[in-house]
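Visitor: Just one file: coords30.tsv, with TSV, N, CA and C atoms.
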```
chain	number	residue	atom	x	y	z
A	157	MET	N	106.86	72.15	116.05
A	157	MET	CA	106.33	73.03	115.04
A	157	MET	C	107.31	73.20	113.89
A	158	THR	N	108.09	72.19	113.62
A	158	THR	CA	109.00	72.30	112.50
A	158	THR	C	108.23	72.12	111.20
A	159	GLY	N	108.75	72.72	110.17
A	159	GLY	CA	108.11	72.59	108.87
A	159	GLY	C	107.07	73.66	108.58
A	160	LEU	N	106.67	74.42	109.57
A	160	LEU	CA	105.71	75.49	109.31
A	160	LEU	C	106.45	76.69	108.73
A	161	PRO	N	105.87	77.32	107.70
A	161	PRO	CA	106.57	78.45	107.08
A	161	PRO	C	106.59	79.68	107.99
A	162	ARG	N	107.75	80.30	108.06
A	162	ARG	CA	107.89	81.54	108.81
A	162	ARG	C	107.84	82.68	107.81
A	163	GLY	N	107.41	83.81	108.28
A	163	GLY	CA	107.33	84.97	107.41
A	163	GLY	C	107.00	86.21	108.20
A	164	TYR	N	106.32	87.15	107.54
A	164	TYR	CA	106.02	88.45	108.14
A	164	TYR	C	104.60	88.85	107.79
A	165	TRP	N	103.87	89.35	108.76
A	165	TRP	CA	102.54	89.89	108.55
A	165	TRP	C	102.69	91.40	108.49
A	166	CYS	N	102.30	91.98	107.36
A	166	CYS	CA	102.47	93.41	107.12
A	166	CYS	C	101.09	94.07	107.05
A	167	GLU	N	100.98	95.25	107.64
A	167	GLU	CA	99.72	96.00	107.61
A	167	GLU	C	100.01	97.47	107.35
A	168	CYS	N	99.02	98.14	106.75
A	168	CYS	CA	99.08	99.58	106.56
A	168	CYS	C	97.86	100.20	107.23
A	169	TRP	N	98.12	101.13	108.16
A	169	TRP	CA	97.08	101.78	108.95
A	169	TRP	C	97.13	103.29	108.74
A	170	THR	N	95.99	103.95	108.86
A	170	THR	CA	95.98	105.41	108.92
A	170	THR	C	95.29	105.84	110.21
A	171	GLU	N	95.66	107.04	110.62
A	171	GLU	CA	95.11	107.59	111.85
A	171	GLU	C	94.93	109.09	111.66
A	172	ASP	N	93.73	109.59	111.93
A	172	ASP	CA	93.45	111.03	111.88
A	172	ASP	C	93.92	111.63	113.19
A	173	LEU	N	94.91	112.48	113.12
A	173	LEU	CA	95.52	113.04	114.33
A	173	LEU	C	94.68	114.13	114.98
A	174	THR	N	93.63	114.60	114.30
A	174	THR	CA	92.79	115.66	114.87
A	174	THR	C	91.60	115.10	115.62
A	175	GLN	N	91.37	113.81	115.51
A	175	GLN	CA	90.21	113.20	116.16
A	175	GLN	C	90.65	112.01	116.98
A	176	ALA	N	89.84	111.66	117.93
A	176	ALA	CA	90.14	110.54	118.83
A	176	ALA	C	89.59	109.23	118.27
A	177	GLU	N	89.58	109.11	116.96
A	177	GLU	CA	89.05	107.89	116.35
A	177	GLU	C	90.12	106.80	116.34
A	178	GLN	N	89.66	105.60	116.16
A	178	GLN	CA	90.57	104.47	116.06
A	178	GLN	C	91.32	104.51	114.73
A	179	ARG	N	92.42	103.82	114.70
A	179	ARG	CA	93.16	103.67	113.45
A	179	ARG	C	92.33	102.86	112.47
A	180	ILE	N	92.58	103.04	111.17
A	180	ILE	CA	91.85	102.32	110.13
A	180	ILE	C	92.85	101.47	109.35
A	181	LEU	N	92.55	100.18	109.26
A	181	LEU	CA	93.37	99.25	108.48
A	181	LEU	C	93.02	99.40	107.01
A	182	HIS	N	94.02	99.63	106.17
A	182	HIS	CA	93.78	99.79	104.74
A	182	HIS	C	94.29	98.62	103.90
A	183	ALA	N	95.31	97.95	104.37
A	183	ALA	CA	95.86	96.85	103.58
A	183	ALA	C	96.65	95.92	104.49
A	184	SER	N	96.74	94.67	104.06
A	184	SER	CA	97.59	93.71	104.76
A	184	SER	C	98.24	92.83	103.71
A	185	PHE	N	99.35	92.23	104.09
A	185	PHE	CA	100.14	91.46	103.13
A	185	PHE	C	100.92	90.40	103.89
A	186	ASP	N	100.96	89.19	103.35
A	186	ASP	CA	101.76	88.14	103.95
A	186	ASP	C	103.04	87.99	103.14
A	187	ALA	N	104.16	88.27	103.76
A	187	ALA	CA	105.46	88.19	103.11
A	187	ALA	C	106.20	86.96	103.65
A	188	TYR	N	106.95	86.32	102.78
A	188	TYR	CA	107.66	85.11	103.18
A	188	TYR	C	109.16	85.33	103.32
A	189	SER	N	109.60	86.61	103.20
A	189	SER	CA	111.00	86.93	103.42
A	189	SER	C	111.10	88.39	103.87
A	190	ALA	N	112.22	88.72	104.52
A	190	ALA	CA	112.45	90.10	104.95
A	190	ALA	C	112.50	91.05	103.75
A	191	PRO	N	113.19	90.69	102.65
A	191	PRO	CA	113.19	91.59	101.50
A	191	PRO	C	111.80	91.82	100.93
A	192	GLN	N	110.97	90.79	100.90
A	192	GLN	CA	109.62	90.93	100.39
A	192	GLN	C	108.80	91.86	101.29
A	193	ALA	N	108.99	91.76	102.59
A	193	ALA	CA	108.24	92.59	103.54
A	193	ALA	C	108.62	94.06	103.41
A	194	ASP	N	109.94	94.37	103.43
A	194	ASP	CA	110.30	95.78	103.36
A	194	ASP	C	110.07	96.34	101.96
A	195	ARG	N	110.09	95.49	100.95
A	195	ARG	CA	109.77	95.94	99.58
A	195	ARG	C	108.32	96.39	99.48
A	196	TRP	N	107.42	95.72	100.21
A	196	TRP	CA	106.00	96.11	100.20
A	196	TRP	C	105.85	97.53	100.70
A	197	VAL	N	106.56	97.87	101.77
A	197	VAL	CA	106.51	99.23	102.31
A	197	VAL	C	107.17	100.20	101.33
A	198	ALA	N	108.32	99.82	100.79
A	198	ALA	CA	109.05	100.70	99.87
A	198	ALA	C	108.22	101.04	98.63
A	199	VAL	N	107.55	100.06	98.07
A	199	VAL	CA	106.71	100.32	96.89
A	199	VAL	C	105.57	101.27	97.24
A	200	ALA	N	104.96	101.06	98.39
A	200	ALA	CA	103.87	101.95	98.81
A	200	ALA	C	104.38	103.37	99.00
A	201	LEU	N	105.51	103.53	99.66
A	201	LEU	CA	106.05	104.87	99.89
A	201	LEU	C	106.43	105.56	98.59
A	202	ARG	N	107.06	104.83	97.69
A	202	ARG	CA	107.40	105.43	96.38
A	202	ARG	C	106.15	105.83	95.61
A	203	THR	N	105.12	105.03	95.74
A	203	THR	CA	103.88	105.29	95.01
A	203	THR	C	103.18	106.54	95.52
A	204	ILE	N	103.12	106.69	96.83
A	204	ILE	CA	102.36	107.83	97.37
A	204	ILE	C	103.19	109.09	97.56
A	205	SER	N	104.51	108.99	97.49
A	205	SER	CA	105.36	110.15	97.80
A	205	SER	C	105.06	111.40	96.97
A	206	PRO	N	104.69	111.30	95.69
A	206	PRO	CA	104.38	112.53	94.95
A	206	PRO	C	103.16	113.27	95.51
A	207	ALA	N	102.27	112.57	96.20
A	207	ALA	CA	101.06	113.21	96.73
A	207	ALA	C	101.24	113.72	98.16
A	208	LEU	N	102.37	113.43	98.77
A	208	LEU	CA	102.59	113.83	100.16
A	208	LEU	C	103.06	115.28	100.24
A	209	ASP	N	102.80	115.92	101.38
A	209	ASP	CA	103.33	117.27	101.59
A	209	ASP	C	104.86	117.15	101.73
A	210	PRO	N	105.58	118.28	101.62
A	210	PRO	CA	107.05	118.20	101.63
A	210	PRO	C	107.65	117.50	102.84
A	211	ASP	N	107.11	117.75	104.03
A	211	ASP	CA	107.66	117.09	105.23
A	211	ASP	C	107.46	115.58	105.19
A	212	ALA	N	106.26	115.16	104.83
A	212	ALA	CA	105.97	113.73	104.74
A	212	ALA	C	106.79	113.07	103.65
A	213	CYS	N	106.95	113.76	102.54
A	213	CYS	CA	107.77	113.23	101.44
A	213	CYS	C	109.21	113.05	101.91
A	214	ASN	N	109.71	114.01	102.68
A	214	ASN	CA	111.06	113.88	103.25
A	214	ASN	C	111.16	112.67	104.17
A	215	GLU	N	110.14	112.47	105.02
A	215	GLU	CA	110.13	111.30	105.91
A	215	GLU	C	110.19	110.01	105.09
A	216	ALA	N	109.38	109.97	104.03
A	216	ALA	CA	109.33	108.77	103.19
A	216	ALA	C	110.68	108.48	102.56
A	217	TRP	N	111.29	109.49	101.95
A	217	TRP	CA	112.55	109.26	101.26
A	217	TRP	C	113.71	109.07	102.23
A	218	THR	N	113.62	109.62	103.42
A	218	THR	CA	114.64	109.35	104.43
A	218	THR	C	114.63	107.87	104.80
A	219	TRP	N	113.43	107.31	104.98
A	219	TRP	CA	113.36	105.88	105.28
A	219	TRP	C	113.86	105.07	104.08
A	220	LEU	N	113.44	105.46	102.87
A	220	LEU	CA	113.84	104.70	101.68
A	220	LEU	C	115.36	104.69	101.51
A	221	TYR	N	116.03	105.81	101.78
A	221	TYR	CA	117.48	105.89	101.60
A	221	TYR	C	118.28	105.45	102.81
A	222	ASP	N	117.81	105.79	104.01
A	222	ASP	CA	118.60	105.54	105.21
A	222	ASP	C	118.01	104.51	106.16
A	223	GLY	N	116.70	104.48	106.31
A	223	GLY	CA	116.07	103.62	107.30
A	223	GLY	C	115.78	102.22	106.84
A	224	ARG	N	115.70	102.04	105.54
A	224	ARG	CA	115.30	100.73	105.03
A	224	ARG	C	116.29	99.64	105.42
A	225	ILE	N	117.57	99.92	105.38
A	225	ILE	CA	118.56	98.90	105.71
A	225	ILE	C	118.46	98.47	107.16
A	226	SER	N	118.20	99.41	108.08
A	226	SER	CA	118.06	99.01	109.50
A	226	SER	C	116.76	98.23	109.70
A	227	THR	N	115.73	98.57	108.94
A	227	THR	CA	114.48	97.79	109.00
A	227	THR	C	114.74	96.36	108.53
A	228	ARG	N	115.45	96.23	107.40
A	228	ARG	CA	115.76	94.89	106.88
A	228	ARG	C	116.57	94.09	107.89
A	229	ARG	N	117.55	94.70	108.51
A	229	ARG	CA	118.36	93.98	109.50
A	229	ARG	C	117.52	93.52	110.69
A	230	ALA	N	116.63	94.40	111.15
A	230	ALA	CA	115.75	94.03	112.27
A	230	ALA	C	114.84	92.87	111.86
A	231	LEU	N	114.31	92.91	110.65
A	231	LEU	CA	113.45	91.82	110.19
A	231	LEU	C	114.21	90.50	110.11
A	232	LEU	N	115.45	90.57	109.66
A	232	LEU	CA	116.26	89.35	109.59
A	232	LEU	C	116.54	88.78	110.98
A	233	ARG	N	116.50	89.64	112.01
A	233	ARG	CA	116.62	89.17	113.39
A	233	ARG	C	115.26	88.78	113.96
A	234	MET	N	114.23	88.79	113.09
A	234	MET	CA	112.85	88.45	113.45
A	234	MET	C	112.29	89.42	114.49
A	235	GLU	N	112.60	90.70	114.36
A	235	GLU	CA	112.06	91.74	115.22
A	235	GLU	C	110.97	92.49	114.48
A	236	PRO	N	109.91	92.89	115.16
A	236	PRO	CA	108.86	93.68	114.51
A	236	PRO	C	109.37	95.08	114.17
A	237	CYS	N	108.80	95.67	113.11
A	237	CYS	CA	109.22	96.99	112.66
A	237	CYS	C	108.01	97.85	112.33
A	238	THR	N	108.20	99.15	112.45
A	238	THR	CA	107.16	100.11	112.11
A	238	THR	C	107.78	101.23	111.30
A	239	VAL	N	107.07	101.65	110.24
A	239	VAL	CA	107.48	102.78	109.42
A	239	VAL	C	106.28	103.72	109.38
A	240	SER	N	106.50	105.01	109.69
A	240	SER	CA	105.40	105.98	109.70
A	240	SER	C	105.80	107.26	108.98
A	241	VAL	N	104.81	107.85	108.33
A	241	VAL	CA	104.94	109.21	107.80
A	241	VAL	C	103.68	109.97	108.20
A	242	THR	N	103.83	111.27	108.42
A	242	THR	CA	102.69	112.09	108.79
A	242	THR	C	102.46	113.12	107.70
A	243	HIS	N	101.30	113.03	107.06
A	243	HIS	CA	100.90	113.94	106.00
A	243	HIS	C	99.72	114.76	106.52
A	244	ALA	N	99.94	116.08	106.61
A	244	ALA	CA	98.90	116.98	107.15
A	244	ALA	C	98.46	116.44	108.52
A	245	ASP	N	97.19	116.06	108.65
A	245	ASP	CA	96.66	115.56	109.92
A	245	ASP	C	96.51	114.04	109.93
A	246	THR	N	97.17	113.37	109.02
A	246	THR	CA	97.04	111.91	108.91
A	246	THR	C	98.39	111.24	109.08
A	247	ARG	N	98.44	110.27	109.98
A	247	ARG	CA	99.63	109.44	110.13
A	247	ARG	C	99.37	108.13	109.40
A	248	ILE	N	100.30	107.77	108.54
A	248	ILE	CA	100.23	106.49	107.82
A	248	ILE	C	101.33	105.61	108.41
A	249	THR	N	100.94	104.43	108.85
A	249	THR	CA	101.88	103.54	109.52
A	249	THR	C	101.84	102.15	108.89
A	250	TRP	N	103.02	101.64	108.58
A	250	TRP	CA	103.17	100.27	108.12
A	250	TRP	C	103.80	99.48	109.25
A	251	THR	N	103.21	98.36	109.59
A	251	THR	CA	103.78	97.48	110.60
A	251	THR	C	104.17	96.16	109.95
A	252	ILE	N	105.27	95.61	110.41
A	252	ILE	CA	105.75	94.32	109.92
A	252	ILE	C	106.10	93.49	111.15
A	253	ARG	N	105.44	92.33	111.27
A	253	ARG	CA	105.68	91.46	112.43
A	253	ARG	C	106.06	90.06	111.96
A	254	PRO	N	107.07	89.47	112.58
A	254	PRO	CA	107.40	88.08	112.24
A	254	PRO	C	106.28	87.16	112.72
A	255	VAL	N	105.98	86.18	111.90
A	255	VAL	CA	104.91	85.23	112.23
A	255	VAL	C	105.29	83.83	111.74
A	256	THR	N	104.57	82.86	112.25
A	256	THR	CA	104.60	81.51	111.72
A	256	THR	C	103.25	81.30	111.06
A	257	PHE	N	103.25	80.99	109.78
A	257	PHE	CA	102.00	80.80	109.05
A	257	PHE	C	101.48	79.39	109.30
A	258	LEU	N	100.26	79.31	109.81
A	258	LEU	CA	99.63	78.02	110.05
A	258	LEU	C	98.73	77.69	108.88
A	259	PRO	N	98.86	76.51	108.31
A	259	PRO	CA	98.00	76.15	107.20
A	259	PRO	C	96.56	75.96	107.67
A	260	LEU	N	95.64	76.35	106.83
A	260	LEU	CA	94.22	76.15	107.15
A	260	LEU	C	93.84	74.72	106.78
A	261	ALA	N	93.15	74.06	107.67
A	261	ALA	CA	92.81	72.65	107.47
A	261	ALA	C	92.04	72.42	106.19
A	262	HIS	N	91.10	73.30	105.86
A	262	HIS	CA	90.28	73.07	104.68
A	262	HIS	C	90.98	73.44	103.38
A	263	ARG	N	92.19	73.96	103.42
A	263	ARG	CA	92.94	74.28	102.22
A	263	ARG	C	93.99	73.22	101.90
A	264	GLN	N	94.05	72.17	102.70
A	264	GLN	CA	95.08	71.16	102.50
A	264	GLN	C	94.83	70.29	101.29
A	265	GLY	N	93.59	70.00	101.02
A	265	GLY	CA	93.28	69.13	99.90
A	265	GLY	C	93.14	69.90	98.61
A	266	VAL	N	92.92	69.17	97.53
A	266	VAL	CA	92.74	69.79	96.22
A	266	VAL	C	91.38	70.46	96.14
A	267	ASP	N	90.40	69.88	96.79
A	267	ASP	CA	89.04	70.40	96.70
A	267	ASP	C	88.80	71.48	97.75
A	268	LEU	N	88.14	72.54	97.33
A	268	LEU	CA	87.75	73.59	98.27
A	268	LEU	C	86.48	73.16	99.00
A	269	PRO	N	86.23	73.70	100.17
A	269	PRO	CA	84.99	73.35	100.88
A	269	PRO	C	83.78	73.86	100.10
A	270	ALA	N	82.63	73.27	100.35
A	270	ALA	CA	81.41	73.64	99.62
A	270	ALA	C	81.09	75.12	99.73
A	271	CYS	N	81.37	75.73	100.88
A	271	CYS	CA	81.04	77.15	101.07
A	271	CYS	C	81.84	78.06	100.15
A	272	ALA	N	82.97	77.59	99.64
A	272	ALA	CA	83.79	78.43	98.76
A	272	ALA	C	83.04	78.79	97.48
A	273	HIS	N	82.09	77.95	97.08
A	273	HIS	CA	81.35	78.20	95.85
A	273	HIS	C	80.15	79.12	96.08
A	274	ASP	N	79.88	79.48	97.34
A	274	ASP	CA	78.77	80.37	97.66
A	274	ASP	C	79.11	81.83	97.35
A	275	PHE	N	80.37	82.15	97.25
A	275	PHE	CA	80.80	83.52	97.05
A	275	PHE	C	81.14	83.75	95.58
A	276	LYS	N	80.45	84.69	94.97
A	276	LYS	CA	80.66	85.01	93.56
A	276	LYS	C	81.35	86.36	93.46
A	277	PRO	N	82.34	86.49	92.60
A	277	PRO	CA	83.00	87.79	92.44
A	277	PRO	C	82.01	88.82	91.88
A	278	GLN	N	82.13	90.03	92.39
A	278	GLN	CA	81.26	91.11	91.91
A	278	GLN	C	82.02	91.90	90.85
A	279	THR	N	81.29	92.29	89.81
A	279	THR	CA	81.91	93.10	88.79
A	279	THR	C	81.76	94.56	89.16
A	280	THR	N	82.76	95.35	88.79
A	280	THR	CA	82.70	96.78	89.04
A	280	THR	C	82.44	97.49	87.73
A	281	ASP	N	81.67	98.55	87.82
A	281	ASP	CA	81.36	99.30	86.59
A	281	ASP	C	82.37	100.39	86.35
```
Rewrite the structure of this file - the entire thing - as structure tokens.
Guide:
Amino acid sequence: MTGLPRGYWCECWTEDLTQAEQRILHASFDAYSAPQADRWVAVALRTISPALDPDACNEAWTWLYDGRISTRRALLRMEPCTVSVTHADTRITWTIRPVTFLPLAHRQGVDLPACAHDFKPQTTD
């Protein structure tokens, strides 16, 4: 399996702590380096931190200032990482897992498969 690109699969999940519902996936991202993976989480945390309650905001900035370096080190050792903040009754969790990206057979050539032309972008009003 040499030659296959290694990287990280990143996801952002939320969970309502007052109900027994399943977690909800909100975003995913394929990163090709440890800095790119932890940067994805850092940008998200900086973006949402003004809207978080004081405790959650503290959790976010604690990770940004103190926890991010240990996350980066773990990623460089190809270890999975999790970053969570709890805002009110909602836990927001980012997961980062090392992966090997497998190329899709139908994406190898210049031409896309016929089904690719069946999907038209929708405009938003």
Visitor: Would you mind telling me which residue in A:Leu173, A:Val199, A:Ala187, A:Ala230 lies nearest to A:Val255 when using only C-alpha atoms?
Guide: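 Under the stated criterion, the closest residue is A:Ala187.
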Visitor: So that I can see what lies close to A:Val241, please list as a ChimeraX atom specification the residues with an atom at most 6.5 Å from it, counting only N, CA and C atoms and leaving out residues fewer than 4 positions away in the same chain.
Guide: /A:212,215-216,246-250
Visitor: Using DSSP on the backbone, list every residue of stretch 198-256 of chain A that comes out as strand (DSSP E), and give them as a ChimeraX atom specification.
Guide: /A:237-243,246-256
Visitor: Report as a list in words all protein, DNA and RNA residues lying within 10 Å of A:Gly163, evaluated on only C-alpha atoms, omitting residues in the same chain fewer than 4 positions from it.
Guide: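 Once the nearby chain positions are removed, what remains is Asp186, Ala187, Tyr188, Ser189, Ala190, Gln192, Ala193, Leu231, Met234, Ile252, Arg253, Pro254, Val255, Thr256 and Phe257 of chain A.
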Visitor: Between atom CA of A:Thr227 and atom CA of A:Phe185, what distance in Å does the model show, to one decimal?
Guide: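 Taking atom CA of A:Thr227 as the start and atom CA of A:Phe185 as the end point, the length is 16.7 Å.
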Visitor: Tell me which of A:Arg229, A:Arg162, A:Arg224, A:His243 sits closest to A:Ile204, counting only C-alpha atoms.
Guide: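 Ranking A:Arg229, A:Arg162, A:Arg224, A:His243 by distance to A:Ile204, first place goes to A:His243.
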Visitor: Name the residues of chain A that fall into helix (DSSP H, G or I) according to DSSP on the backbone, using the chain letters and numbers of this document, as number ranges by chain.
Guide: A: 190-207, 210-232, 261-263, 270-274
Visitor: Got a moment to write stretch 206-217 of chain A out with all heavy atoms, as a tab-separated table (two decimals), in the first residue's frame?
Guide:
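After the write, decode.tsv holds the following:
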```tsv
chain	number	residue	atom	x	y	z
A	206	PRO	N	-17.49	33.56	20.22
A	206	PRO	CA	-18.28	34.70	20.71
A	206	PRO	C	-19.72	34.33	21.06
A	206	PRO	O	-20.36	35.00	21.86
A	206	PRO	CB	-18.24	35.70	19.55
A	206	PRO	CG	-17.04	35.34	18.77
A	206	PRO	CD	-16.91	33.85	18.90
A	207	ALA	N	-20.24	33.25	20.47
A	207	ALA	CA	-21.63	32.86	20.72
A	207	ALA	C	-21.76	31.85	21.86
A	207	ALA	O	-22.87	31.53	22.28
A	207	ALA	CB	-22.23	32.26	19.45
A	208	LEU	N	-20.65	31.38	22.38
A	208	LEU	CA	-20.69	30.37	23.44
A	208	LEU	C	-20.91	31.02	24.80
A	208	LEU	O	-20.52	32.17	25.02
A	208	LEU	CB	-19.37	29.58	23.47
A	208	LEU	CG	-19.04	28.76	22.23
A	208	LEU	CD1	-17.64	28.18	22.35
A	208	LEU	CD2	-20.08	27.67	22.00
A	209	ASP	N	-21.47	30.24	25.73
A	209	ASP	CA	-21.60	30.74	27.11
A	209	ASP	C	-20.19	30.83	27.70
A	209	ASP	O	-19.23	30.28	27.15
A	209	ASP	CB	-22.55	29.86	27.93
A	209	ASP	CG	-22.07	28.43	28.10
A	209	ASP	OD1	-20.86	28.20	28.34
A	209	ASP	OD2	-22.92	27.51	28.02
A	210	PRO	N	-20.03	31.54	28.83
A	210	PRO	CA	-18.69	31.76	29.37
A	210	PRO	C	-17.89	30.48	29.64
A	210	PRO	O	-16.69	30.44	29.37
A	210	PRO	CB	-18.95	32.53	30.67
A	210	PRO	CG	-20.24	33.25	30.42
A	210	PRO	CD	-21.05	32.30	29.56
A	211	ASP	N	-18.53	29.45	30.17
A	211	ASP	CA	-17.81	28.20	30.44
A	211	ASP	C	-17.32	27.53	29.16
A	211	ASP	O	-16.18	27.08	29.07
A	211	ASP	CB	-18.67	27.23	31.24
A	211	ASP	CG	-18.90	27.69	32.67
A	211	ASP	OD1	-18.10	28.51	33.17
A	211	ASP	OD2	-19.89	27.24	33.27
A	212	ALA	N	-18.20	27.47	28.17
A	212	ALA	CA	-17.82	26.86	26.89
A	212	ALA	C	-16.74	27.69	26.20
A	212	ALA	O	-15.82	27.13	25.60
A	212	ALA	CB	-19.04	26.70	26.00
A	213	CYS	N	-16.85	28.99	26.28
A	213	CYS	CA	-15.84	29.87	25.69
A	213	CYS	C	-14.48	29.62	26.35
A	213	CYS	O	-13.46	29.56	25.68
A	213	CYS	CB	-16.28	31.33	25.84
A	213	CYS	SG	-15.25	32.46	24.91
A	214	ASN	N	-14.50	29.45	27.67
A	214	ASN	CA	-13.26	29.12	28.39
A	214	ASN	C	-12.67	27.79	27.91
A	214	ASN	O	-11.46	27.68	27.73
A	214	ASN	CB	-13.54	29.02	29.89
A	214	ASN	CG	-13.02	30.21	30.63
A	214	ASN	OD1	-12.37	31.07	30.05
A	214	ASN	ND2	-13.32	30.26	31.91
A	215	GLU	N	-13.54	26.79	27.74
A	215	GLU	CA	-13.07	25.49	27.24
A	215	GLU	C	-12.41	25.65	25.87
A	215	GLU	O	-11.35	25.07	25.61
A	215	GLU	CB	-14.24	24.51	27.09
A	215	GLU	CG	-14.81	23.96	28.37
A	215	GLU	CD	-15.98	23.03	28.08
A	215	GLU	OE1	-15.73	21.91	27.56
A	215	GLU	OE2	-17.13	23.42	28.34
A	216	ALA	N	-13.07	26.43	25.01
A	216	ALA	CA	-12.55	26.63	23.65
A	216	ALA	C	-11.18	27.30	23.68
A	216	ALA	O	-10.23	26.81	23.05
A	216	ALA	CB	-13.53	27.48	22.84
A	217	TRP	N	-11.06	28.38	24.43
A	217	TRP	CA	-9.79	29.11	24.45
A	217	TRP	C	-8.71	28.37	25.23
A	217	TRP	O	-7.52	28.50	24.92
A	217	TRP	CB	-10.00	30.54	24.95
A	217	TRP	CG	-10.66	31.34	23.87
A	217	TRP	CD1	-11.98	31.67	23.78
A	217	TRP	CD2	-10.05	31.84	22.68
A	217	TRP	NE1	-12.21	32.36	22.61
A	217	TRP	CE2	-11.05	32.49	21.92
A	217	TRP	CE3	-8.74	31.82	22.18
A	217	TRP	CZ2	-10.79	33.10	20.69
A	217	TRP	CZ3	-8.48	32.43	20.96
A	217	TRP	CH2	-9.49	33.06	20.23
```
